[in-house]
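Raw query_1.cif, mmCIF, C-alpha atoms:
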```cif
data_start
loop_
_atom_site.group_PDB
_atom_site.id
_atom_site.type_symbol
_atom_site.label_atom_id
_atom_site.label_comp_id
_atom_site.auth_asym_id
_atom_site.auth_seq_id
_atom_site.Cartn_x
_atom_site.Cartn_y
_atom_site.Cartn_z
ATOM 1 C CA MET A 159 12.711 -14.511 6.967
ATOM 2 C CA ASP A 160 10.533 -16.001 4.238
ATOM 3 C CA TYR A 161 7.097 -14.358 4.191
ATOM 4 C CA SER A 162 5.850 -16.055 1.008
ATOM 5 C CA ASP A 163 3.277 -18.307 2.710
ATOM 6 C CA LYS A 164 1.838 -15.435 4.751
ATOM 7 C CA VAL A 165 1.737 -13.155 1.727
ATOM 8 C CA ALA A 166 -0.071 -15.899 -0.202
ATOM 9 C CA GLN A 167 -2.670 -16.060 2.573
ATOM 10 C CA ALA A 168 -3.135 -12.282 2.404
ATOM 11 C CA VAL A 169 -3.520 -12.438 -1.385
ATOM 12 C CA GLN A 170 -6.061 -15.242 -1.046
ATOM 13 C CA HIS A 171 -7.971 -13.186 1.543
ATOM 14 C CA PHE A 172 -8.070 -10.271 -0.897
ATOM 15 C CA TRP A 173 -9.581 -12.278 -3.745
ATOM 16 C CA GLN A 174 -12.025 -14.168 -1.555
ATOM 17 C CA THR A 175 -13.214 -10.936 0.054
ATOM 18 C CA ARG A 176 -13.529 -9.187 -3.284
ATOM 19 C CA LEU A 177 -15.500 -12.075 -4.781
ATOM 20 C CA LYS A 178 -17.803 -12.212 -1.759
ATOM 21 C CA GLN A 179 -18.437 -8.460 -1.907
ATOM 22 C CA TYR A 180 -19.247 -8.656 -5.595
ATOM 23 C CA LYS A 181 -21.670 -11.548 -5.071
ATOM 24 C CA ASN A 182 -23.339 -9.749 -2.165
ATOM 25 C CA GLN A 183 -23.659 -6.522 -4.101
ATOM 26 C CA GLY A 184 -27.256 -5.658 -4.680
ATOM 27 C CA SER A 185 -28.508 -8.620 -2.636
ATOM 28 C CA THR A 186 -30.792 -6.247 -0.729
ATOM 29 C CA THR A 187 -31.722 -3.684 -3.367
ATOM 30 C CA GLY A 188 -31.410 -5.935 -6.397
ATOM 31 C CA ILE A 189 -29.347 -3.232 -8.076
ATOM 32 C CA ARG A 190 -25.706 -3.750 -8.995
ATOM 33 C CA ASP A 191 -23.110 -1.051 -9.542
ATOM 34 C CA ALA A 192 -21.591 -0.902 -12.973
ATOM 35 C CA GLY A 193 -18.668 -3.257 -13.459
ATOM 36 C CA ASN A 194 -16.735 -4.183 -10.324
ATOM 37 C CA ARG A 195 -17.237 -0.924 -8.487
ATOM 38 C CA SER A 196 -18.753 -2.551 -5.391
ATOM 39 C CA ALA A 197 -15.858 -4.972 -5.132
ATOM 40 C CA VAL A 198 -13.449 -2.054 -5.423
ATOM 41 C CA THR A 199 -15.165 0.209 -2.911
ATOM 42 C CA GLY A 200 -16.295 -2.469 -0.458
ATOM 43 C CA GLY A 201 -13.166 -2.234 1.684
ATOM 44 C CA ALA A 202 -11.553 -5.001 3.766
ATOM 45 C CA GLN A 203 -9.763 -6.599 0.794
ATOM 46 C CA LEU A 204 -6.314 -5.680 2.117
ATOM 47 C CA ASP A 205 -7.006 -6.555 5.748
ATOM 48 C CA GLY A 206 -4.848 -9.652 5.368
ATOM 49 C CA PHE A 207 -1.819 -7.495 4.599
ATOM 50 C CA ILE A 208 -2.579 -5.053 7.399
ATOM 51 C CA HIS A 209 -2.750 -7.848 9.963
ATOM 52 C CA LEU A 210 0.373 -9.497 8.516
ATOM 53 C CA LEU A 211 2.345 -6.289 8.986
ATOM 54 C CA ALA A 212 0.940 -5.892 12.488
ATOM 55 C CA SER A 213 2.186 -9.405 13.335
ATOM 56 C CA ILE A 214 5.637 -8.525 11.951
ATOM 57 C CA LEU A 215 5.751 -5.536 14.287
ATOM 58 C CA GLU A 216 4.761 -7.740 17.221
ATOM 59 C CA ASP A 217 7.581 -10.139 16.298
ATOM 60 C CA ALA A 218 9.914 -7.142 16.483
ATOM 61 C CA GLY A 219 8.919 -6.698 20.121
ATOM 62 C CA LEU A 220 6.140 -4.125 19.985
ATOM 63 C CA LYS A 221 3.151 -4.533 22.229
ATOM 64 C CA GLU A 222 -0.086 -5.303 20.440
ATOM 65 C CA HIS A 223 -1.852 -2.272 21.913
ATOM 66 C CA SER A 224 0.633 0.058 20.213
ATOM 67 C CA ILE A 225 -0.375 -1.186 16.738
ATOM 68 C CA TYR A 226 -3.550 0.353 15.368
ATOM 69 C CA THR A 227 -5.550 -0.914 12.410
ATOM 70 C CA LYS A 228 -8.447 1.296 13.513
ATOM 71 C CA LYS A 229 -8.236 4.843 14.843
ATOM 72 C CA THR A 230 -5.530 5.487 12.251
ATOM 73 C CA VAL A 231 -6.140 9.203 11.710
ATOM 74 C CA LEU A 232 -3.025 11.405 11.863
ATOM 75 C CA PRO A 233 -2.669 15.179 11.623
ATOM 76 C CA GLY A 234 -1.477 16.713 8.375
ATOM 77 C CA TYR A 235 -0.002 20.050 7.369
ATOM 78 C CA PHE A 236 -1.854 20.922 4.147
ATOM 79 C CA ARG A 237 -5.076 19.385 5.490
ATOM 80 C CA PRO A 238 -6.248 18.804 9.059
ATOM 81 C CA THR A 239 -6.061 15.003 9.077
ATOM 82 C CA LYS A 240 -5.367 11.924 6.947
ATOM 83 C CA ASN A 241 -6.645 8.393 7.521
ATOM 84 C CA TRP A 242 -3.935 5.724 7.154
ATOM 85 C CA ASP A 243 -4.274 1.931 7.088
ATOM 86 C CA LEU A 244 -1.902 1.091 9.939
ATOM 87 C CA VAL A 245 -0.405 3.362 12.590
ATOM 88 C CA VAL A 246 2.118 2.455 15.282
ATOM 89 C CA VAL A 247 2.327 4.697 18.352
ATOM 90 C CA VAL A 248 4.643 3.652 21.193
ATOM 91 C CA ASP A 249 4.511 5.620 24.460
ATOM 92 C CA GLY A 250 3.247 8.721 22.697
ATOM 93 C CA GLU A 251 5.731 8.505 19.806
ATOM 94 C CA LEU A 252 4.736 7.885 16.184
ATOM 95 C CA LEU A 253 6.859 4.941 15.040
ATOM 96 C CA ALA A 254 5.388 3.952 11.677
ATOM 97 C CA THR A 255 2.468 4.437 9.321
ATOM 98 C CA LEU A 256 1.358 2.592 6.203
ATOM 99 C CA LYS A 257 -0.913 3.224 3.246
ATOM 100 C CA SER A 258 -2.012 0.327 1.044
ATOM 101 C CA HIS A 259 -3.895 0.250 -2.247
ATOM 102 C CA VAL A 260 -5.459 -2.302 -4.534
ATOM 103 C CA GLY A 261 -5.587 -1.910 -8.294
ATOM 104 C CA PRO A 262 -8.379 -3.860 -9.962
ATOM 105 C CA SER A 263 -8.908 -1.109 -12.554
ATOM 106 C CA PHE A 264 -6.603 1.152 -14.477
ATOM 107 C CA GLY A 265 -6.660 4.342 -16.550
ATOM 108 C CA ASN A 266 -7.438 7.367 -14.398
ATOM 109 C CA ASN A 267 -7.020 5.233 -11.268
ATOM 110 C CA PHE A 268 -3.267 5.125 -11.835
ATOM 111 C CA ASN A 269 -2.980 8.917 -11.850
ATOM 112 C CA ASN A 270 -5.276 9.195 -8.837
ATOM 113 C CA ARG A 271 -3.190 6.751 -6.809
ATOM 114 C CA VAL A 272 0.056 8.430 -7.789
ATOM 115 C CA GLU A 273 -1.279 11.820 -6.757
ATOM 116 C CA GLU A 274 -2.638 10.477 -3.461
ATOM 117 C CA ALA A 275 0.621 8.723 -2.561
ATOM 118 C CA LEU A 276 2.707 11.791 -3.375
ATOM 119 C CA GLY A 277 0.325 14.106 -1.559
ATOM 120 C CA SER A 278 0.172 11.902 1.543
ATOM 121 C CA ALA A 279 3.962 11.712 1.771
ATOM 122 C CA THR A 280 4.400 15.467 1.337
ATOM 123 C CA ASP A 281 1.691 16.163 3.886
ATOM 124 C CA ILE A 282 2.965 13.873 6.645
ATOM 125 C CA TRP A 283 6.650 14.780 6.228
ATOM 126 C CA THR A 284 5.814 18.478 6.394
ATOM 127 C CA ALA A 285 3.653 17.882 9.477
ATOM 128 C CA TYR A 286 6.564 15.979 11.037
ATOM 129 C CA ARG A 287 8.965 18.809 10.237
ATOM 130 C CA GLU A 288 6.597 21.284 11.873
ATOM 131 C CA GLY A 289 6.457 19.225 15.078
ATOM 132 C CA ALA A 290 3.030 17.596 14.776
ATOM 133 C CA PHE A 291 4.320 14.322 16.236
ATOM 134 C CA LYS A 292 6.694 15.564 18.932
ATOM 135 C CA PRO A 293 8.600 13.988 20.624
ATOM 136 C CA SER A 294 8.739 11.346 17.881
ATOM 137 C CA GLN A 295 11.872 10.504 15.957
ATOM 138 C CA LYS A 296 11.520 10.240 12.181
ATOM 139 C CA PRO A 297 8.693 7.719 11.599
ATOM 140 C CA TRP A 298 8.789 4.876 9.060
ATOM 141 C CA LEU A 299 6.521 5.405 6.059
ATOM 142 C CA GLY A 300 5.444 2.578 3.730
ATOM 143 C CA TRP A 301 3.277 2.180 0.599
ATOM 144 C CA LEU A 302 2.000 -1.212 -0.588
ATOM 145 C CA MET A 303 0.183 -1.987 -3.845
ATOM 146 C CA LEU A 304 -1.583 -5.145 -5.029
ATOM 147 C CA LEU A 305 -2.309 -4.902 -8.755
ATOM 148 C CA GLU A 306 -4.561 -7.229 -10.721
ATOM 149 C CA ASP A 307 -2.486 -9.121 -13.279
ATOM 150 C CA THR A 308 -4.519 -9.066 -16.488
ATOM 151 C CA GLU A 309 -3.946 -8.577 -20.190
ATOM 152 C CA LYS A 310 -5.068 -4.977 -19.786
ATOM 153 C CA SER A 311 -2.602 -4.219 -16.987
ATOM 154 C CA GLN A 312 0.249 -5.832 -18.967
ATOM 155 C CA SER A 313 -0.479 -4.293 -22.386
ATOM 156 C CA PRO A 314 1.515 -1.286 -23.682
ATOM 157 C CA VAL A 315 -0.215 2.052 -23.141
ATOM 158 C CA ARG A 316 0.253 5.014 -25.464
ATOM 159 C CA VAL A 317 1.013 8.421 -23.995
ATOM 160 C CA SER A 318 -0.003 11.853 -25.241
ATOM 161 C CA GLU A 319 2.904 14.137 -26.155
ATOM 162 C CA PRO A 320 1.388 17.267 -27.756
ATOM 163 C CA HIS A 321 4.183 19.632 -26.666
ATOM 164 C CA PHE A 322 7.063 17.763 -25.005
ATOM 165 C CA LEU A 323 8.307 14.180 -25.013
ATOM 166 C CA VAL A 324 7.717 12.071 -21.923
ATOM 167 C CA PHE A 325 10.640 10.216 -20.384
ATOM 168 C CA LYS A 326 11.599 7.234 -22.536
ATOM 169 C CA LYS A 327 10.908 4.727 -19.754
ATOM 170 C CA PHE A 328 7.203 5.650 -19.860
ATOM 171 C CA GLN A 329 6.785 5.243 -23.605
ATOM 172 C CA ASN A 330 4.583 2.200 -24.328
ATOM 173 C CA ALA A 331 4.911 1.123 -20.693
ATOM 174 C CA SER A 332 2.019 -0.978 -19.405
ATOM 175 C CA TYR A 333 0.146 -0.013 -16.239
ATOM 176 C CA ALA A 334 2.012 -2.786 -14.432
ATOM 177 C CA LYS A 335 5.319 -1.243 -15.532
ATOM 178 C CA ARG A 336 4.112 2.228 -14.566
ATOM 179 C CA TYR A 337 3.302 1.027 -11.053
ATOM 180 C CA GLU A 338 6.672 -0.708 -10.836
ATOM 181 C CA LEU A 339 8.501 2.488 -11.785
ATOM 182 C CA PHE A 340 6.358 4.507 -9.409
ATOM 183 C CA CYS A 341 7.057 2.248 -6.420
ATOM 184 C CA GLU A 342 10.754 2.314 -7.256
ATOM 185 C CA HIS A 343 10.753 6.113 -7.452
ATOM 186 C CA LEU A 344 8.920 6.493 -4.136
ATOM 187 C CA VAL A 345 11.836 4.843 -2.354
ATOM 188 C CA ARG A 346 14.679 6.288 -4.420
ATOM 189 C CA GLU A 347 13.323 9.804 -3.952
ATOM 190 C CA ARG A 348 13.039 9.064 -0.213
ATOM 191 C CA LEU A 349 9.360 9.896 -0.074
ATOM 192 C CA TYR A 350 8.696 6.493 1.510
ATOM 193 C CA ASP A 351 11.061 4.288 3.485
ATOM 194 C CA ALA A 352 9.820 1.209 1.654
ATOM 195 C CA SER A 353 7.394 0.350 -1.103
ATOM 196 C CA CYS A 354 6.014 -2.952 -2.360
ATOM 197 C CA LEU A 355 4.290 -4.040 -5.575
ATOM 198 C CA LEU A 356 2.573 -7.417 -5.923
ATOM 199 C CA LEU A 357 0.752 -8.761 -8.987
ATOM 200 C CA SER A 358 -1.986 -11.371 -8.826
ATOM 201 C CA ASP A 359 -4.531 -12.650 -11.338
ATOM 202 C CA ARG A 360 -8.059 -13.526 -10.364
ATOM 203 C CA GLU A 361 -7.904 -17.272 -11.048
ATOM 204 C CA ASN A 362 -4.606 -18.085 -9.300
ATOM 205 C CA GLY A 363 -5.136 -15.441 -6.633
ATOM 206 C CA LEU A 364 -8.036 -17.376 -5.117
ATOM 207 C CA SER A 365 -5.474 -19.983 -4.076
ATOM 208 C CA GLY A 366 -2.881 -17.389 -3.030
ATOM 209 C CA GLY A 367 -0.951 -17.029 -6.286
ATOM 210 C CA TYR A 368 1.040 -13.832 -6.821
ATOM 211 C CA SER A 369 4.247 -12.525 -8.392
ATOM 212 C CA GLU A 370 6.780 -9.804 -7.608
ATOM 213 C CA PRO A 371 8.035 -8.003 -10.742
ATOM 214 C CA ASN A 372 10.931 -6.193 -9.085
ATOM 215 C CA ALA A 373 13.196 -7.587 -6.345
ATOM 216 C CA GLU A 374 13.948 -4.077 -5.097
ATOM 217 C CA ILE A 375 10.331 -3.549 -4.112
ATOM 218 C CA ASN A 376 9.329 -7.066 -3.058
ATOM 219 C CA PHE A 377 7.531 -7.868 0.182
ATOM 220 C CA LYS A 378 10.579 -9.294 1.940
ATOM 221 C CA ASN A 379 12.476 -6.015 1.575
ATOM 222 C CA PHE A 380 9.364 -4.081 2.575
ATOM 223 C CA ALA A 381 8.793 -6.134 5.733
ATOM 224 C CA SER A 382 12.495 -6.206 6.626
ATOM 225 C CA SER A 383 12.666 -2.415 6.447
ATOM 226 C CA LEU A 384 9.682 -2.090 8.778
ATOM 227 C CA MET A 385 11.000 -4.681 11.231
ATOM 228 C CA ALA A 386 14.468 -3.099 11.300
ATOM 229 C CA HIS A 387 12.949 0.275 12.145
ATOM 230 C CA ALA A 388 10.856 -1.247 14.937
ATOM 231 C CA ILE A 389 13.830 -3.131 16.407
ATOM 232 C CA ALA A 390 16.018 -0.016 16.263
ATOM 233 C CA HIS A 391 13.330 1.940 18.080
ATOM 234 C CA ALA A 392 13.091 -0.728 20.806
ATOM 235 C CA LYS A 393 16.894 -0.774 21.270
ATOM 236 C CA MET A 394 17.017 3.005 21.491
ATOM 237 C CA ARG A 395 14.397 3.009 24.235
ATOM 238 C CA GLU A 396 16.400 0.453 26.205
#
```

Can you dump the structure from the file as structure tokens?
Amino acid sequence: MDYSDKVAQAVQHFWQTRLKQYKNQGSTTGIRDAGNRSAVTGGAQLDGFIHLLASILEDAGLKEHSIYTKKTVLPGYFRPTKNWDLVVVVDGELLATLKSHVGPSFGNNFNNRVEEALGSATDIWTAYREGAFKPSQKPWLGWLMLLEDTEKSQSPVRVSEPHFLVFKKFQNASYAKRYELFCEHLVRERLYDASCLLLSDRENGLSGGYSEPNAEINFKNFASSLMAHAIAHAKMRE
């Protein structure tokens, strides 16, 4: 199935929401956060993707009431709970969960997002192993990233190597390339069942423009993986 039109709508929703949040920032107090912080922390930018994935699950035969975009807190193992972006619970069984991120800024944010994604995966898989979601079968876990396509995100970034050399693939890699490698590694190391990276610049994004730098981690593969898991679950219950 071709999801390009629906993805474009979700990308457009992101940029329109972000722009609106930035314009509304400080409308009451008259004080604006530095830079784009309000647009980053305002939330709701990725709602278009969350609802798109929910509709894909419904197309796979799941009832709407089993798909949660609110009340998405799940138990963890290294911490009591973790809030996800989308959770699917069918007849008391955890079927799938998703975490999405947006990347309008770089630098330390890259390391923070890497650490959060790795920590979330370790936490939920350990909780699953310890029986937190009984009687669930192995749930589907997904990670989606929308990164702003700018000169800064595409420019080579130097790395510090005071004692040991970093892997060659990271040398002079841009933040866009770093995210691409990270999403690829999440799947190949089996930390997530599927991962997706989309790039979009501010000007073209307002009309739904985006690109996919790596076919292995494009949205079609991401959505197909989720739908296949949902269909398999439905068949098993039959």

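If you apply the PyMOL selection byres ((chain A and resi 341) around 9) to this structure, you end up with Trp301, Leu302, Met303, Arg336, Tyr337, Glu338, Leu339, Phe340, Glu342, His343, Leu344, Val345, Arg346, Ala352, Ser353, Cys354, Leu355 and Ile375 of chain A.
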
Go ahead and save the residues from that selection, with C-alpha atoms, as a PDB file, keeping the file's coordinate frame.
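Ended up saving to selection_33.pdb:
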```pdb
ATOM      1  CA  TRP A 301       3.277   2.180   0.599  1.00  0.00           C
ATOM      2  CA  LEU A 302       2.000  -1.212  -0.588  1.00  0.00           C
ATOM      3  CA  MET A 303       0.183  -1.987  -3.845  1.00  0.00           C
ATOM      4  CA  ARG A 336       4.112   2.228 -14.566  1.00  0.00           C
ATOM      5  CA  TYR A 337       3.302   1.027 -11.053  1.00  0.00           C
ATOM      6  CA  GLU A 338       6.672  -0.708 -10.836  1.00  0.00           C
ATOM      7  CA  LEU A 339       8.501   2.488 -11.785  1.00  0.00           C
ATOM      8  CA  PHE A 340       6.358   4.507  -9.409  1.00  0.00           C
ATOM      9  CA  GLU A 342      10.754   2.314  -7.256  1.00  0.00           C
ATOM     10  CA  HIS A 343      10.753   6.113  -7.452  1.00  0.00           C
ATOM     11  CA  LEU A 344       8.920   6.493  -4.136  1.00  0.00           C
ATOM     12  CA  VAL A 345      11.836   4.843  -2.354  1.00  0.00           C
ATOM     13  CA  ARG A 346      14.679   6.288  -4.420  1.00  0.00           C
ATOM     14  CA  ALA A 352       9.820   1.209   1.654  1.00  0.00           C
ATOM     15  CA  SER A 353       7.394   0.350  -1.103  1.00  0.00           C
ATOM     16  CA  CYS A 354       6.014  -2.952  -2.360  1.00  0.00           C
ATOM     17  CA  LEU A 355       4.290  -4.040  -5.575  1.00  0.00           C
ATOM     18  CA  ILE A 375      10.331  -3.549  -4.112  1.00  0.00           C
TER      19      ILE A 375
END
```

| Near-Leu244 (chain A) list (12 Å; all atoms listed in the file; drop same-chain fewer than 4 positions) as an MDAnalysis selection string | chainID A and resid 204:205 207:213 215 224:232 240 252:258 298:302

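Distance-wise, CA of Arg316 (chain A) and CA of Ser332 (chain A) end up 8.7 Å apart.
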
| task | Please measure the separation of CA of Asn267 (chain A) and CA of Ser365 (chain A), giving the value in Å to one decimal. | result | 26.3 Å

| request: Please evaluate the PyMOL selection byres ((chain A and resi 168) around 8) against the structure above and give the resulting residues as a ChimeraX atom specification. | output: /A:164-167,169-172,204-207,210,366

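Here CA of Lys378 (chain A) is placed at a distance of 6.5 Å from CA of Tyr161 (chain A).
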